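Heads up, my_file.tsv below (TSV, C-alpha atoms and all ligand atoms):
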```tsv
chain	number	residue	atom	x	y	z
A	1	MET	CA	188.90	-95.62	-113.12
A	2	SER	CA	191.05	-93.30	-111.08
A	3	GLY	CA	193.03	-95.68	-108.90
A	4	GLN	CA	192.27	-98.02	-106.02
A	5	ILE	CA	190.16	-95.63	-103.93
A	6	ARG	CA	187.52	-95.13	-106.60
A	7	SER	CA	187.33	-98.67	-107.90
A	8	GLU	CA	184.12	-100.62	-107.47
A	9	TRP	CA	183.74	-104.13	-106.06
A	10	PRO	CA	183.74	-106.46	-109.05
A	11	LEU	CA	180.51	-107.90	-110.40
A	12	TYR	CA	179.57	-111.58	-109.95
A	13	GLU	CA	176.78	-113.39	-111.81
A	14	VAL	CA	174.57	-115.44	-109.50
A	15	PHE	CA	173.08	-118.88	-110.29
A	16	ILE	CA	170.67	-120.62	-107.95
A	17	ARG	CA	169.41	-124.20	-107.70
A	18	GLY	CA	165.81	-123.74	-106.60
A	19	LYS	CA	165.51	-127.25	-105.21
A	20	ARG	CA	167.14	-130.63	-105.52
A	21	GLY	CA	166.73	-132.09	-108.98
A	22	LEU	CA	166.77	-128.73	-110.80
A	23	ASN	CA	169.57	-126.96	-112.67
A	24	HIS	CA	171.18	-123.81	-111.37
A	25	VAL	CA	169.51	-120.85	-113.07
A	26	HIS	CA	170.87	-117.35	-113.56
A	27	VAL	CA	169.04	-114.88	-111.30
A	28	GLY	CA	171.07	-111.66	-111.47
A	29	SER	CA	174.30	-110.24	-110.16
A	30	VAL	CA	175.93	-108.84	-107.04
A	31	HIS	CA	179.00	-106.73	-106.30
A	32	ALA	CA	181.53	-108.16	-103.86
A	33	ALA	CA	185.20	-107.84	-103.01
A	34	ASP	CA	185.75	-111.59	-103.50
A	35	GLY	CA	183.96	-114.86	-104.18
A	36	GLN	CA	183.13	-115.66	-100.55
A	37	MET	CA	181.55	-112.26	-100.07
A	38	ALA	CA	179.69	-112.67	-103.35
A	39	LEU	CA	178.15	-115.89	-102.01
A	40	ARG	CA	176.98	-114.15	-98.85
A	41	HIS	CA	175.57	-111.22	-100.76
A	42	ALA	CA	173.83	-113.57	-103.18
A	43	ARG	CA	172.26	-115.37	-100.22
A	44	ASP	CA	170.99	-112.08	-98.73
A	45	VAL	CA	169.76	-110.61	-102.01
A	46	TYR	CA	168.34	-113.64	-103.84
A	47	THR	CA	167.29	-116.21	-101.21
A	48	ARG	CA	165.40	-114.39	-98.47
A	49	ARG	CA	162.47	-116.80	-98.82
A	50	ASN	CA	164.03	-120.24	-99.32
A	51	GLU	CA	164.41	-119.69	-103.06
A	52	GLY	CA	167.47	-121.89	-103.22
A	53	VAL	CA	169.39	-124.88	-101.90
A	54	SER	CA	172.66	-124.07	-103.67
A	55	ILE	CA	174.34	-120.95	-105.06
A	56	TRP	CA	177.03	-120.50	-107.70
A	57	VAL	CA	178.76	-117.16	-108.23
A	58	VAL	CA	181.00	-116.47	-111.21
A	59	PRO	CA	182.99	-113.30	-111.93
A	60	SER	CA	181.04	-111.57	-114.72
A	61	THR	CA	184.27	-111.07	-116.68
A	62	GLU	CA	184.72	-114.87	-116.82
A	63	ILE	CA	181.48	-115.46	-118.76
A	64	ILE	CA	182.13	-116.27	-122.40
A	65	ALA	CA	179.04	-115.47	-124.45
A	66	SER	CA	177.96	-116.00	-128.04
A	67	SER	CA	177.18	-112.94	-130.11
A	68	PRO	CA	173.47	-112.12	-130.13
A	69	GLY	CA	172.82	-111.08	-133.75
A	70	GLU	CA	170.49	-113.20	-135.87
A	71	LYS	CA	173.07	-112.97	-138.61
A	72	ASP	CA	175.39	-114.91	-136.39
A	73	PRO	CA	176.12	-118.24	-138.10
A	74	LEU	CA	176.68	-119.96	-134.74
A	75	PHE	CA	173.26	-121.61	-134.68
A	76	ALA	CA	173.03	-122.25	-138.43
A	77	PRO	CA	174.19	-125.90	-138.22
A	78	SER	CA	171.03	-126.87	-136.32
A	79	GLY	CA	168.64	-124.86	-138.48
A	80	ASP	CA	168.23	-127.26	-141.41
A	81	LYS	CA	168.26	-130.62	-139.63
A	82	ALA	CA	164.59	-131.39	-139.24
A	83	TYR	CA	165.48	-135.10	-139.07
A	84	ARG	CA	166.77	-134.52	-135.53
A	85	HIS	CA	163.17	-134.09	-134.35
A	86	PRO	CA	160.76	-136.97	-133.72
A	87	THR	CA	158.00	-135.28	-135.74
A	88	PHE	CA	160.12	-135.73	-138.91
A	89	TYR	CA	159.18	-139.43	-138.98
A	90	GLU	CA	155.75	-140.62	-140.02
A	91	ILE	CA	154.56	-143.64	-138.10
A	92	PRO	CA	151.08	-145.10	-138.70
A	93	ASP	CA	148.51	-144.40	-135.97
A	94	ASN	CA	148.02	-148.09	-135.24
A	95	VAL	CA	151.58	-148.50	-133.96
A	96	PRO	CA	151.31	-148.16	-130.17
A	97	HIS	CA	153.61	-146.52	-127.60
A	98	MET	CA	155.75	-144.54	-130.05
B	1	MET	CA	180.42	-109.45	-134.12
B	2	SER	CA	177.67	-107.84	-136.13
B	3	SER	CA	179.25	-104.39	-136.35
B	4	ALA	CA	179.39	-104.78	-140.11
B	5	VAL	CA	175.58	-104.79	-140.30
B	6	ALA	CA	174.17	-101.39	-141.29
B	7	GLU	CA	172.29	-99.38	-138.68
B	8	PRO	CA	168.93	-99.20	-140.51
B	9	GLN	CA	168.89	-102.98	-140.64
B	10	LEU	CA	169.73	-103.28	-136.94
B	11	GLU	CA	167.00	-100.78	-136.17
B	12	ALA	CA	164.52	-102.78	-138.24
B	13	GLU	CA	165.42	-105.93	-136.31
B	14	PHE	CA	165.01	-104.08	-133.01
B	15	GLU	CA	161.60	-102.73	-134.09
B	16	ALA	CA	160.53	-106.22	-135.15
B	17	ILE	CA	161.44	-107.74	-131.77
B	18	VAL	CA	159.64	-104.96	-129.88
B	19	GLY	CA	156.70	-105.16	-132.32
B	20	HIS	CA	156.26	-108.88	-131.58
B	21	LYS	CA	156.28	-108.06	-127.85
B	22	ASP	CA	159.42	-110.15	-127.62
B	23	ARG	CA	162.22	-109.10	-125.29
B	24	ILE	CA	165.37	-107.11	-125.91
B	25	GLU	CA	168.37	-108.59	-124.10
B	26	PRO	CA	171.50	-106.73	-122.94
B	27	ARG	CA	173.82	-107.66	-125.79
B	28	ASP	CA	171.26	-106.90	-128.53
B	29	TRP	CA	171.64	-103.77	-130.59
B	30	MET	CA	169.32	-101.02	-129.33
B	31	PRO	CA	168.80	-97.35	-130.22
B	32	GLU	CA	170.80	-95.03	-127.96
B	33	ALA	CA	167.61	-93.24	-126.91
B	34	TYR	CA	166.05	-96.56	-125.81
B	35	ARG	CA	169.13	-97.35	-123.73
B	36	LYS	CA	169.14	-93.87	-122.18
B	37	THR	CA	165.44	-93.93	-121.38
B	38	LEU	CA	165.78	-97.32	-119.73
B	39	ILE	CA	168.83	-96.36	-117.67
B	40	ARG	CA	166.96	-93.28	-116.45
B	41	GLN	CA	163.79	-95.22	-115.61
B	42	VAL	CA	165.45	-98.26	-114.01
B	43	ALA	CA	167.86	-96.08	-112.02
B	44	GLN	CA	165.00	-93.89	-110.79
B	45	HIS	CA	163.14	-97.03	-109.81
B	46	ALA	CA	166.20	-98.46	-107.99
B	47	HIS	CA	166.82	-95.19	-106.18
B	48	SER	CA	163.16	-95.15	-105.06
B	49	GLU	CA	163.55	-98.56	-103.43
B	50	ILE	CA	166.70	-97.48	-101.62
B	51	ILE	CA	165.50	-94.04	-100.51
B	52	GLY	CA	162.14	-95.64	-99.68
B	53	MET	CA	163.83	-97.55	-96.85
B	54	GLN	CA	164.23	-94.32	-94.89
B	55	PRO	CA	160.67	-93.27	-93.99
B	56	GLU	CA	159.84	-96.74	-92.68
B	57	GLY	CA	163.30	-97.42	-91.27
B	58	ASN	CA	162.55	-94.43	-89.07
B	59	TRP	CA	160.16	-96.63	-87.03
B	60	ILE	CA	162.08	-99.91	-86.73
B	61	GLY	CA	163.53	-98.95	-83.34
B	62	ARG	CA	160.12	-97.84	-82.09
B	63	ALA	CA	157.88	-100.64	-83.37
B	64	PRO	CA	155.31	-101.49	-80.68
B	65	SER	CA	156.10	-105.21	-80.40
B	66	LEU	CA	158.75	-107.72	-81.39
B	67	ARG	CA	156.34	-109.17	-83.96
B	68	ARG	CA	155.83	-105.77	-85.60
B	69	LYS	CA	159.54	-105.05	-85.46
B	70	ALA	CA	160.47	-108.31	-87.19
B	71	ILE	CA	157.88	-107.62	-89.91
B	72	LEU	CA	159.06	-104.06	-90.49
B	73	LEU	CA	162.70	-105.12	-90.55
B	74	ALA	CA	161.93	-107.80	-93.16
B	75	LYS	CA	159.94	-105.32	-95.22
B	76	VAL	CA	162.68	-102.69	-95.24
B	77	GLN	CA	165.26	-105.38	-96.04
B	78	ASP	CA	163.11	-106.43	-99.01
B	79	GLU	CA	163.21	-102.85	-100.30
B	80	ALA	CA	167.02	-102.97	-100.17
B	81	GLY	CA	166.82	-106.19	-102.18
B	82	HIS	CA	164.50	-104.53	-104.73
B	83	GLY	CA	166.99	-101.70	-105.14
B	84	LEU	CA	169.77	-104.21	-105.77
B	85	TYR	CA	167.77	-106.26	-108.32
B	86	LEU	CA	167.14	-103.05	-110.21
B	87	TYR	CA	170.71	-101.73	-110.06
B	88	SER	CA	171.75	-105.14	-111.35
B	89	ALA	CA	169.32	-104.75	-114.29
B	90	ALA	CA	170.57	-101.21	-114.97
B	91	GLU	CA	174.16	-102.42	-115.04
B	92	THR	CA	173.41	-104.70	-117.98
B	93	LEU	CA	172.83	-101.48	-119.97
B	94	GLY	CA	176.43	-100.42	-119.52
B	95	THR	CA	176.30	-98.26	-116.42
B	96	SER	CA	177.55	-99.05	-112.91
B	97	ARG	CA	175.92	-99.00	-109.50
B	98	ASN	CA	178.56	-96.59	-108.18
B	99	GLU	CA	177.94	-94.22	-111.04
B	100	LEU	CA	174.17	-94.29	-110.46
B	101	THR	CA	174.59	-93.80	-106.71
B	102	GLU	CA	176.80	-90.79	-107.32
B	103	LEU	CA	174.28	-89.32	-109.77
B	104	LEU	CA	171.56	-89.75	-107.15
B	105	ILE	CA	173.62	-88.08	-104.44
B	106	ALA	CA	174.51	-85.23	-106.80
B	107	GLY	CA	170.78	-84.71	-107.38
B	108	LYS	CA	171.12	-85.56	-111.08
B	109	GLN	CA	168.76	-88.53	-110.93
B	110	LYS	CA	165.36	-88.67	-109.26
B	111	TYR	CA	163.46	-91.06	-107.03
B	112	SER	CA	159.74	-91.28	-106.37
B	113	SER	CA	158.37	-88.13	-104.72
B	114	ILE	CA	156.33	-90.14	-102.24
B	115	PHE	CA	159.43	-90.74	-100.12
B	116	ASN	CA	159.85	-87.01	-99.55
B	117	TYR	CA	156.90	-87.08	-97.18
B	118	PRO	CA	157.57	-87.74	-93.48
B	119	THR	CA	156.38	-90.68	-91.37
B	120	LEU	CA	154.91	-88.86	-88.38
B	121	SER	CA	153.53	-91.85	-86.51
B	122	TYR	CA	153.91	-95.63	-86.48
B	123	THR	CA	150.49	-95.76	-88.17
B	124	ASP	CA	152.20	-94.45	-91.31
B	125	VAL	CA	153.99	-97.81	-91.60
B	126	GLY	CA	150.59	-99.40	-92.14
B	127	THR	CA	149.38	-96.70	-94.53
B	128	ILE	CA	152.57	-96.91	-96.59
B	129	GLY	CA	152.23	-100.69	-96.86
B	130	TRP	CA	148.60	-100.44	-97.91
B	131	LEU	CA	148.60	-97.39	-100.20
B	132	VAL	CA	152.21	-96.76	-101.24
B	133	ASP	CA	153.14	-100.40	-101.81
B	134	GLY	CA	149.65	-100.85	-103.25
B	135	ALA	CA	150.27	-98.10	-105.81
B	136	ALA	CA	153.70	-99.56	-106.50
B	137	ILE	CA	152.12	-102.95	-107.23
B	138	CYS	CA	149.70	-101.30	-109.69
B	139	ASN	CA	152.67	-99.73	-111.46
B	140	GLN	CA	154.89	-102.78	-111.33
B	141	VAL	CA	152.66	-105.64	-112.38
B	142	PRO	CA	152.47	-104.40	-116.02
B	143	LEU	CA	156.24	-103.78	-115.95
B	144	CYS	CA	156.80	-107.54	-115.60
B	145	ARG	CA	156.10	-107.57	-119.37
B	146	THR	CA	158.31	-104.63	-120.25
B	147	SER	CA	160.42	-105.00	-123.38
B	148	PHE	CA	163.84	-105.08	-121.72
B	149	GLY	CA	164.47	-108.60	-120.38
B	150	PRO	CA	166.50	-107.89	-117.22
B	151	TYR	CA	164.07	-105.13	-116.11
B	152	GLY	CA	161.06	-107.40	-116.57
B	153	ARG	CA	162.73	-110.25	-114.67
B	154	ALA	CA	163.63	-107.91	-111.78
B	155	MET	CA	160.00	-106.77	-111.70
B	156	ILE	CA	158.70	-110.35	-111.50
B	157	ARG	CA	160.93	-110.98	-108.50
B	158	ILE	CA	159.81	-107.71	-106.88
B	159	CYS	CA	156.10	-108.25	-107.47
B	160	LYS	CA	156.27	-111.63	-105.74
B	161	GLU	CA	157.51	-109.86	-102.61
B	162	GLU	CA	155.26	-106.79	-102.70
B	163	SER	CA	152.13	-108.67	-101.79
B	164	PHE	CA	153.53	-109.29	-98.29
B	165	HIS	CA	154.26	-105.55	-98.02
B	166	GLN	CA	150.73	-104.52	-98.81
B	167	ARG	CA	149.08	-107.16	-96.64
B	168	GLN	CA	151.20	-106.44	-93.56
B	169	GLY	CA	150.28	-102.75	-93.89
B	170	PHE	CA	146.57	-103.44	-94.25
B	171	GLU	CA	146.64	-105.86	-91.32
B	172	LEU	CA	148.41	-103.28	-89.17
B	173	LEU	CA	145.70	-100.70	-89.94
B	174	MET	CA	142.93	-103.25	-89.37
B	175	THR	CA	144.38	-104.01	-85.95
B	176	MET	CA	144.35	-100.33	-85.06
B	177	MET	CA	140.79	-99.91	-86.35
B	178	ARG	CA	139.72	-102.59	-83.85
B	179	GLY	CA	141.38	-100.59	-81.06
B	180	THR	CA	140.40	-97.34	-79.35
B	181	GLN	CA	138.77	-94.30	-80.93
B	182	GLU	CA	142.11	-92.54	-80.67
B	183	GLN	CA	143.75	-95.32	-82.71
B	184	ARG	CA	141.01	-95.16	-85.35
B	185	ASP	CA	141.55	-91.40	-85.58
B	186	MET	CA	145.26	-91.98	-86.07
B	187	VAL	CA	144.54	-94.28	-89.02
B	188	GLN	CA	142.17	-91.78	-90.65
B	189	GLU	CA	144.66	-88.94	-90.14
B	190	SER	CA	147.46	-90.98	-91.69
B	191	VAL	CA	145.31	-92.00	-94.67
B	192	ASN	CA	144.36	-88.34	-95.17
B	193	ARG	CA	148.02	-87.39	-95.47
B	194	PHE	CA	149.04	-90.21	-97.81
B	195	TRP	CA	146.08	-90.48	-100.20
B	196	TRP	CA	146.96	-87.65	-102.57
B	197	PRO	CA	150.73	-88.28	-102.61
B	198	ALA	CA	149.93	-91.95	-103.37
B	199	LEU	CA	147.85	-90.87	-106.40
B	200	MET	CA	150.78	-88.73	-107.55
B	201	MET	CA	153.03	-91.81	-107.60
B	202	PHE	CA	151.67	-92.64	-111.07
B	203	GLY	CA	153.28	-89.50	-112.43
B	204	PRO	CA	151.82	-86.43	-114.12
B	205	PRO	CA	148.55	-86.62	-116.10
B	206	ASP	CA	148.91	-88.09	-119.60
B	207	ASP	CA	148.71	-84.71	-121.34
B	208	ALA	CA	151.70	-83.52	-119.27
B	209	SER	CA	153.76	-86.69	-119.73
B	210	PRO	CA	155.65	-86.18	-122.99
B	211	ASN	CA	157.75	-89.36	-122.75
B	212	THR	CA	154.85	-91.77	-122.38
B	213	GLU	CA	154.11	-92.16	-126.09
B	214	GLN	CA	157.67	-93.13	-127.01
B	215	SER	CA	157.98	-95.42	-123.98
B	216	MET	CA	154.79	-97.22	-125.01
B	217	ALA	CA	155.97	-97.54	-128.62
B	218	TRP	CA	159.13	-99.20	-127.32
B	219	GLY	CA	157.15	-101.50	-125.02
B	220	ILE	CA	158.86	-100.10	-121.92
B	221	LYS	CA	155.52	-98.90	-120.59
B	222	THR	CA	152.28	-100.71	-121.37
B	223	HIS	CA	149.75	-98.41	-119.66
B	224	THR	CA	149.52	-94.64	-119.31
B	225	ASN	CA	149.82	-92.84	-115.96
B	226	ASP	CA	146.12	-91.96	-115.89
B	227	GLU	CA	145.03	-95.53	-116.69
B	228	LEU	CA	147.06	-96.89	-113.78
B	229	ARG	CA	145.88	-94.13	-111.43
B	230	GLN	CA	142.25	-94.98	-112.25
B	231	LYS	CA	142.92	-98.66	-111.63
B	232	PHE	CA	144.44	-97.87	-108.26
B	233	VAL	CA	141.48	-95.73	-107.20
B	234	ASP	CA	139.04	-98.46	-108.26
B	235	MET	CA	140.97	-101.05	-106.26
B	236	SER	CA	141.40	-98.89	-103.17
B	237	VAL	CA	137.86	-97.67	-102.53
B	238	PRO	CA	136.41	-101.05	-101.51
B	239	GLN	CA	139.50	-101.68	-99.38
B	240	ALA	CA	138.93	-98.38	-97.56
B	241	GLU	CA	135.31	-99.37	-96.97
B	242	ALA	CA	136.38	-102.71	-95.51
B	243	LEU	CA	138.82	-100.88	-93.27
B	244	GLY	CA	136.29	-98.24	-92.21
B	245	VAL	CA	138.17	-95.15	-93.40
B	246	THR	CA	137.41	-92.52	-96.03
B	247	PHE	CA	139.62	-90.80	-98.59
B	248	PRO	CA	139.92	-87.00	-98.37
B	249	ASP	CA	138.27	-86.35	-101.74
B	250	PRO	CA	134.72	-84.92	-101.92
B	251	GLU	CA	134.58	-85.68	-105.65
B	252	LEU	CA	135.19	-89.39	-105.17
B	253	LYS	CA	132.11	-91.32	-106.28
B	254	TRP	CA	131.07	-94.29	-108.37
B	255	ASN	CA	130.26	-93.52	-111.99
B	256	ALA	CA	128.04	-96.32	-113.27
B	257	GLU	CA	128.29	-95.08	-116.85
B	258	ARG	CA	132.07	-95.32	-116.93
B	259	GLY	CA	132.22	-98.32	-114.64
B	260	HIS	CA	134.88	-96.50	-112.62
B	261	TYR	CA	135.15	-94.17	-109.67
B	262	ASP	CA	135.35	-90.46	-110.48
B	263	PHE	CA	137.88	-88.63	-108.38
B	264	GLY	CA	139.33	-85.18	-107.87
B	265	THR	CA	142.53	-83.72	-109.30
B	266	PRO	CA	145.72	-84.08	-107.29
B	267	ASP	CA	147.55	-80.83	-106.53
B	268	TRP	CA	149.99	-80.94	-109.43
B	269	ASP	CA	151.70	-77.74	-108.31
B	270	GLU	CA	152.63	-79.51	-105.10
B	271	PHE	CA	153.80	-82.53	-107.13
B	272	TRP	CA	156.16	-80.47	-109.30
B	273	ASP	CA	157.38	-78.55	-106.29
B	274	VAL	CA	158.36	-81.81	-104.54
B	275	VAL	CA	159.95	-83.12	-107.76
B	276	LYS	CA	162.04	-79.95	-107.90
B	277	GLY	CA	163.38	-80.67	-104.43
B	278	ASN	CA	161.09	-78.60	-102.21
B	279	GLY	CA	159.16	-81.38	-100.47
B	280	PRO	CA	159.17	-81.72	-96.69
B	281	CYS	CA	162.03	-84.29	-96.62
B	282	ASN	CA	163.99	-83.99	-99.90
B	283	ALA	CA	167.12	-82.53	-98.29
B	284	GLN	CA	167.01	-84.93	-95.35
B	285	ARG	CA	166.65	-88.03	-97.59
B	286	LEU	CA	169.59	-87.12	-99.82
B	287	ALA	CA	171.77	-86.06	-96.90
B	288	HIS	CA	171.12	-89.40	-95.19
B	289	ARG	CA	171.96	-91.35	-98.35
B	290	LYS	CA	175.14	-89.32	-98.84
B	291	ARG	CA	176.20	-89.87	-95.24
B	292	ALA	CA	175.70	-93.64	-95.52
B	293	TRP	CA	177.67	-93.66	-98.80
B	294	ASP	CA	180.55	-91.56	-97.44
B	295	GLU	CA	180.75	-93.36	-94.13
B	296	GLY	CA	180.78	-96.73	-95.91
B	297	ALA	CA	183.71	-95.80	-98.14
B	298	TRP	CA	186.37	-97.20	-95.81
B	299	VAL	CA	184.54	-100.53	-95.63
B	300	ARG	CA	184.43	-100.82	-99.42
B	301	GLU	CA	188.11	-99.97	-99.67
B	302	ALA	CA	189.18	-102.25	-96.81
B	303	ALA	CA	187.29	-105.21	-98.29
B	304	LEU	CA	189.00	-104.69	-101.65
B	305	ALA	CA	192.42	-104.41	-100.00
B	306	PHE	CA	191.77	-107.60	-98.01
B	307	ALA	CA	190.64	-109.48	-101.12
B	308	ALA	CA	193.73	-108.33	-103.02
B	309	LYS	CA	196.00	-109.48	-100.17
B	310	GLU	CA	194.27	-112.87	-99.93
B	311	SER	CA	194.53	-113.56	-103.64
B	312	LYS	CA	198.20	-112.59	-103.61
B	313	GLU	CA	198.88	-115.01	-100.76
B	314	ASN	CA	196.93	-117.78	-102.47
B	315	HIS	CA	198.91	-117.35	-105.65
B	316	ALA	CA	202.27	-117.09	-103.90
A	401	FE	FE	159.84	-102.41	-103.29
A	402	FE	FE	157.46	-102.70	-101.10
```
Could you rewrite the structure in this file as structure tokens?
Amino acid sequence: MSGQIRSEWPLYEVFIRGKRGLNHVHVGSVHAADGQMALRHARDVYTRRNEGVSIWVVPSTEIIASSPGEKDPLFAPSGDKAYRHPTFYEIPDNVPHM
Amino acid sequence: MSSAVAEPQLEAEFEAIVGHKDRIEPRDWMPEAYRKTLIRQVAQHAHSEIIGMQPEGNWIGRAPSLRRKAILLAKVQDEAGHGLYLYSAAETLGTSRNELTELLIAGKQKYSSIFNYPTLSYTDVGTIGWLVDGAAICNQVPLCRTSFGPYGRAMIRICKEESFHQRQGFELLMTMMRGTQEQRDMVQESVNRFWWPALMMFGPPDDASPNTEQSMAWGIKTHTNDELRQKFVDMSVPQAEALGVTFPDPELKWNAERGHYDFGTPDWDEFWDVVKGNGPCNAQRLAHRKRAWDEGAWVREAALAFAAKESKENHA
């Protein structure tokens, strides 16, 4: 970056709630000078056809992400715990509603 | 971080993901050439959407009714949105929208040649919607399954919107075909001008497209240029019949053996000439984009200065 003149509007990640009852889902990003402008840009870019009832914008630099590699041990604790799944348990067919 | 993992192993993991037709995501390791190819392709695609606003934007102020004007305005606004979805996807590869815009303005990155042809009459708005957006749909539908996640997701969003673009164009032409003989002649004349450039939108023939093989191996492309061009011809002929126009190609005819239409060869010399910058509107399109970029600079700077001032006051 070569000073103020050349600097770009920061990037915001955009999350949209498609309709009541659903989670906000990441849809992409926009550039904006501040959060309020990011909301307006997100509305114009991502909801031209009633795609949302609520928008979140978050500065991209504020996202804390896990590392992507498969070698990453982050998800290892859940890998060997088959007993957390209902299919681990054998129940006879004649037991109803289970 | 996985920087300790040796490159051959990372490459093997990348190949495995691509081989399973699974998606590569931005923070995954990827070969430099894959990243470069994608940046080039996604940027070119984004630039096409943005430059593509100009030929049709040319007619917004002269649309024949408020209904047509509202439609055209919405269509051109969609194209701006498409450009932004795609710049957003490109940015996940470690480039920036400003950088890409400056490369475009400097003539170092391309956009689709089709937008270097002029829109001589309002009829061209209809022809562009039908044939140019139609060709774009042919190209874009398979790209929804491209191997790079953010690119594929941008394409899904775009494809959902393109159908309106094509239908409004076809409806416009249909309306004119129900009008006077002079209006019907205008439609035929417009179709005559756009047919061959639309066929060129799929890129050079396969034997002159050296990057296709690698792009297909990486799952970036899933069909060759010639396959998509054939598909477009097959789709368009019955539409032209329904409309009551012909395409300016004496070699165009059904081939029962192949189960496809045979068609003539586009003028590839003209194609390369336009790619090199010598089309009817190349200079005008770039000059317009540069003017908009330069004249918008003070707005970008003022908004940043205002945001900085606000945040200072809020933290005081
Ligand atoms: Fe588009
Ligand atoms: Fe379009």
Within 9 Å of ligand FE 402 (chain A), counting all atoms listed in the file: which residues, as a PyMOL selection string? chain B and resi 49+52+75-76+78-79+82+128-129+132-134+136-137+158-159+161-166
Residues of chain A within 12 Å of chain B, using all atoms listed in the file, as a short mmCIF file (atom, residue, chain, number, x, y, z; two decimals) with C-alpha atoms, keeping the file's coordinate frame?
```cif
data_model
loop_
_atom_site.label_atom_id
_atom_site.label_comp_id
_atom_site.auth_asym_id
_atom_site.auth_seq_id
_atom_site.Cartn_x
_atom_site.Cartn_y
_atom_site.Cartn_z
CA MET A 1 188.90 -95.62 -113.12
CA GLY A 3 193.03 -95.68 -108.90
CA GLN A 4 192.27 -98.02 -106.02
CA ILE A 5 190.16 -95.63 -103.93
CA ARG A 6 187.52 -95.13 -106.60
CA SER A 7 187.33 -98.67 -107.90
CA GLU A 8 184.12 -100.62 -107.47
CA TRP A 9 183.74 -104.13 -106.06
CA PRO A 10 183.74 -106.46 -109.05
CA LEU A 11 180.51 -107.90 -110.40
CA TYR A 12 179.57 -111.58 -109.95
CA GLU A 13 176.78 -113.39 -111.81
CA VAL A 14 174.57 -115.44 -109.50
CA HIS A 26 170.87 -117.35 -113.56
CA VAL A 27 169.04 -114.88 -111.30
CA GLY A 28 171.07 -111.66 -111.47
CA SER A 29 174.30 -110.24 -110.16
CA VAL A 30 175.93 -108.84 -107.04
CA HIS A 31 179.00 -106.73 -106.30
CA ALA A 32 181.53 -108.16 -103.86
CA ALA A 33 185.20 -107.84 -103.01
CA ASP A 34 185.75 -111.59 -103.50
CA GLY A 35 183.96 -114.86 -104.18
CA GLN A 36 183.13 -115.66 -100.55
CA MET A 37 181.55 -112.26 -100.07
CA ALA A 38 179.69 -112.67 -103.35
CA HIS A 41 175.57 -111.22 -100.76
CA ALA A 42 173.83 -113.57 -103.18
CA ARG A 43 172.26 -115.37 -100.22
CA ASP A 44 170.99 -112.08 -98.73
CA VAL A 45 169.76 -110.61 -102.01
CA TYR A 46 168.34 -113.64 -103.84
CA THR A 47 167.29 -116.21 -101.21
CA ARG A 48 165.40 -114.39 -98.47
CA ARG A 49 162.47 -116.80 -98.82
CA GLU A 51 164.41 -119.69 -103.06
CA SER A 60 181.04 -111.57 -114.72
CA ALA A 65 179.04 -115.47 -124.45
CA SER A 66 177.96 -116.00 -128.04
CA SER A 67 177.18 -112.94 -130.11
CA PRO A 68 173.47 -112.12 -130.13
CA GLY A 69 172.82 -111.08 -133.75
CA GLU A 70 170.49 -113.20 -135.87
CA LYS A 71 173.07 -112.97 -138.61
CA ASP A 72 175.39 -114.91 -136.39
CA PRO A 73 176.12 -118.24 -138.10
CA LEU A 74 176.68 -119.96 -134.74
#
```
Show which residues sit within 12 Å of B:Asp206, as a compact mmCIF listing (two decimals) with C-alpha atoms, in the coordinates of the input. Count all atoms listed in the file, and ignore same-chain residues fewer than 2 positions away.
```
# COMPACT_ATOMS: atom_id res chain seq x y z
CA PHE B 202 151.67 -92.64 -111.07
CA GLY B 203 153.28 -89.50 -112.43
CA PRO B 204 151.82 -86.43 -114.12
CA ALA B 208 151.70 -83.52 -119.27
CA SER B 209 153.76 -86.69 -119.73
CA PRO B 210 155.65 -86.18 -122.99
CA ASN B 211 157.75 -89.36 -122.75
CA THR B 212 154.85 -91.77 -122.38
CA GLU B 213 154.11 -92.16 -126.09
CA HIS B 223 149.75 -98.41 -119.66
CA THR B 224 149.52 -94.64 -119.31
CA ASN B 225 149.82 -92.84 -115.96
CA ASP B 226 146.12 -91.96 -115.89
CA GLU B 227 145.03 -95.53 -116.69
CA LEU B 228 147.06 -96.89 -113.78
CA ARG B 229 145.88 -94.13 -111.43
```
* Asked: Which value, in Å to one decimal, gives the distance between atom CA of B:Ser236 and atom CA of B:Trp196?
  ->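 We find that atom CA of B:Ser236 and atom CA of B:Trp196 lie 12.6 Å from each other.
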Between atom CA of B:Pro266 and atom CA of B:Ala135 lies a distance of 14.8 Å
Check your understanding: In Å to one decimal, how far is atom CA of B:Ile24 from atom CA of A:Phe15?
Key ->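 Separation of atom CA of A:Phe15 and atom CA of B:Ile24: 21.0 Å.
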Worksheet entry | Among listed residues B:Leu93, B:Ile17, B:Ala106, B:Leu100, nearest B:Ala43 (using only C-alpha atoms) |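 Distance minimum relative to B:Ala43 lands on B:Leu100.
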| request: Considering all atoms listed in the file, state which residue in the set B:Thr265, B:Thr180, B:Asn255, B:Gln140 is at the smallest distance from ligand FE 401 (chain A). | output: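 Using all atoms listed in the file, the shortest distance to ligand FE 401 (chain A) belongs to B:Gln140.
The nearest approach to A:Lys19 among the residues A:Tyr83, A:Arg40, A:Asn50, A:Pro96, with all atoms listed in the file taken into account, belongs to A:Asn50.
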- Query: Could you name the residues that touch stretch 219-221 of chain B at 9 Å or less, counting all atoms listed in the file, but leaving out those on the same chain fewer than 3 positions away, as an NGL selection string?
  - Reply: :B and (18-19 or 21 or 34 or 38 or 142-143 or 145-148 or 212-216 or 224)
ask   = From the set B:Leu199, B:Leu286, B:Met177, B:Val233, which residue has the shortest atom-to-atom contact distance to B:Glu102, counting only C-alpha atoms?
value =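 Counting only C-alpha atoms, the residue closest to B:Glu102 is B:Leu286.
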